[in-house]
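Read the structure below first, then the notes.
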Amino acid sequence: KMTGLLVVLVCLLAFLPGQRVYAAGSYRVGKYDSTWEVQPNGNVKVTETIEFDINGDINGLFRDVDVRLGSDIPNTPANQVGIDNVSVAVLENGVERPVYMIDQGLGSDGKFEFFKQSSNLYRFKVYETSNNERKTIRFRYTLTNVIVKYNDIATLNWIMIDRNWTVPLENIKMTITIPD
């Protein structure tokens with residue numbers, strides 16, 4: 001009786017709507033284009049346009065952003081980096097289709113979650129069902145308190161392609177603009 005009950009329970013759970021982001025498919029990054037606009041206040045507006053080549057079925061994608069400062073930067077409250085003004089869009093035929101932010105655990109197609117994964121890691125969780133296709137997603141966010149200011153200079157000491165990628169990135173283009 002117990003085995004039969006367990007089988008019924010497993011079958012029921014298998015058909016409940018899930019919150020998984022990955023499914024049976026995989027992907028690679030065919031193109032990575034990012035623009036970093038340094039603001040006079042020391043923040044940096046970041047736009048990442050990432051082309052995912054998807055093989056198989058997936059329910060969505062993660063994009064982790066590491067905000068860990070370089071080892072030579074003192075870890076003081078004045079040097080704590082944050083993320084603000086987040087948005088996500090899917091590019092379809094050169095036109096942006098907005099993906100709307102929702103609270104954690106309420107995922108559905110065309111939505112994304114954004115949360116602090118750990119003390120140095122933020123996560124975009126984009127729900128975008130895909131099957132054997134190329135999908136381009138644009139992530140926008142502002143890194144706050146990134147520029148380290150000294151009396152005579154200011155520095156941007158940042159690993160722009162962070163260490164959290166689990167797949168190789170191809171065709172990388174990066175643009176950095178600084179204020180006058």
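By order in the structure tokens, chains are A, B, ...; within a chain, residues start at 1; ligands start at 1, following the order shown.
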Residues within 9 Å of A:Leu121, only C-alpha atoms, excluding chain neighbours under 2 positions, as a PDB file with N, CA, C and O atoms, in the first residue's frame:
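New file part.pdb:
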```pdb
ATOM      1  N   ASP A  64      23.845  35.714 -13.463  1.00  0.00           N
ATOM      2  CA  ASP A  64      24.388  36.105 -12.171  1.00  0.00           C
ATOM      3  C   ASP A  64      25.341  37.272 -12.348  1.00  0.00           C
ATOM      4  O   ASP A  64      26.128  37.299 -13.293  1.00  0.00           O
ATOM      5  N   VAL A  65      25.265  38.235 -11.424  1.00  0.00           N
ATOM      6  CA  VAL A  65      26.149  39.402 -11.453  1.00  0.00           C
ATOM      7  C   VAL A  65      26.931  39.426 -10.157  1.00  0.00           C
ATOM      8  O   VAL A  65      26.366  39.568  -9.077  1.00  0.00           O
ATOM      9  N   ASP A  66      28.247  39.282 -10.284  1.00  0.00           N
ATOM     10  CA  ASP A  66      29.154  39.265  -9.143  1.00  0.00           C
ATOM     11  C   ASP A  66      29.561  40.701  -8.832  1.00  0.00           C
ATOM     12  O   ASP A  66      30.063  41.405  -9.704  1.00  0.00           O
ATOM     13  N   VAL A  67      29.335  41.158  -7.605  1.00  0.00           N
ATOM     14  CA  VAL A  67      29.683  42.532  -7.226  1.00  0.00           C
ATOM     15  C   VAL A  67      30.878  42.582  -6.277  1.00  0.00           C
ATOM     16  O   VAL A  67      31.091  43.565  -5.578  1.00  0.00           O
ATOM     17  N   ARG A  68      31.676  41.548  -6.317  1.00  0.00           N
ATOM     18  CA  ARG A  68      32.872  41.490  -5.474  1.00  0.00           C
ATOM     19  C   ARG A  68      33.934  42.445  -6.021  1.00  0.00           C
ATOM     20  O   ARG A  68      34.253  42.419  -7.207  1.00  0.00           O
ATOM     21  N   PHE A 115      17.114  39.014  -7.381  1.00  0.00           N
ATOM     22  CA  PHE A 115      17.316  38.907  -5.945  1.00  0.00           C
ATOM     23  C   PHE A 115      18.794  38.765  -5.628  1.00  0.00           C
ATOM     24  O   PHE A 115      19.606  38.444  -6.483  1.00  0.00           O
ATOM     25  N   LYS A 116      19.105  39.006  -4.362  1.00  0.00           N
ATOM     26  CA  LYS A 116      20.468  38.848  -3.865  1.00  0.00           C
ATOM     27  C   LYS A 116      20.661  37.388  -3.517  1.00  0.00           C
ATOM     28  O   LYS A 116      19.991  36.854  -2.637  1.00  0.00           O
ATOM     29  N   GLN A 117      21.568  36.724  -4.232  1.00  0.00           N
ATOM     30  CA  GLN A 117      21.827  35.295  -4.050  1.00  0.00           C
ATOM     31  C   GLN A 117      22.739  35.054  -2.839  1.00  0.00           C
ATOM     32  O   GLN A 117      22.581  34.094  -2.114  1.00  0.00           O
ATOM     33  N   SER A 118      23.722  35.942  -2.664  1.00  0.00           N
ATOM     34  CA  SER A 118      24.653  35.876  -1.538  1.00  0.00           C
ATOM     35  C   SER A 118      25.191  37.284  -1.325  1.00  0.00           C
ATOM     36  O   SER A 118      24.779  38.217  -2.008  1.00  0.00           O
ATOM     37  N   SER A 119      26.139  37.442  -0.427  1.00  0.00           N
ATOM     38  CA  SER A 119      26.636  38.788  -0.119  1.00  0.00           C
ATOM     39  C   SER A 119      27.267  39.480  -1.326  1.00  0.00           C
ATOM     40  O   SER A 119      27.252  40.699  -1.413  1.00  0.00           O
ATOM     41  N   ARG A 123      21.145  37.803  -8.743  1.00  0.00           N
ATOM     42  CA  ARG A 123      20.691  36.874  -9.782  1.00  0.00           C
ATOM     43  C   ARG A 123      19.452  37.396 -10.503  1.00  0.00           C
ATOM     44  O   ARG A 123      18.486  37.797  -9.882  1.00  0.00           O
TER      45      ARG A 123
END
```
(Q) So that I can see what lies close to A:Gly82, please list as a PyMOL selection string the residues with an atom at most 8 Å from it, counting only C-alpha atoms and leaving out residues fewer than 3 positions away in the same chain. (A) chain A and resi 67+143-145
Q) Using only C-alpha atoms, which residues sit within 7 Å of A:Glu133 once same-chain residues fewer than 2 positions away are excluded, as a ChimeraX atom specification? A) /A:53-55,130-131,135
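Excluding A:Glu113 itself and same-chain residues fewer than 6 positions from it, the residues having an atom within 7 Å of it are Met101, Ile102, Asp103, Gln104, Phe124, Lys125 and Val126 of chain A, counting only C-alpha atoms.
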May I have the selected residues written with N, CA and C atoms, as a compact mmCIF listing (two decimals), in the first residue's frame?
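And here is the file that came out, selection_26.txt:
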```
# COMPACT_ATOMS: atom_id res chain seq x y z
N MET A 101 9.30 42.36 -14.05
CA MET A 101 9.82 41.83 -12.79
C MET A 101 8.66 41.43 -11.88
N ILE A 102 8.84 40.30 -11.21
CA ILE A 102 7.86 39.79 -10.27
C ILE A 102 8.57 39.38 -8.99
N ASP A 103 7.78 39.09 -7.96
CA ASP A 103 8.34 38.59 -6.70
C ASP A 103 8.84 37.17 -6.89
N GLN A 104 9.79 36.78 -6.07
CA GLN A 104 10.35 35.43 -6.13
C GLN A 104 9.26 34.38 -5.94
N PHE A 124 19.54 37.37 -11.83
CA PHE A 124 18.37 37.52 -12.68
C PHE A 124 17.90 36.11 -13.00
N LYS A 125 16.63 35.85 -12.83
CA LYS A 125 16.03 34.56 -13.18
C LYS A 125 14.93 34.88 -14.19
N VAL A 126 15.21 34.63 -15.47
CA VAL A 126 14.32 35.03 -16.55
C VAL A 126 13.53 33.82 -17.02
```
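Here atom CA of A:Asp33 stands at a distance of 20.1 Å from atom CA of A:Asp84.
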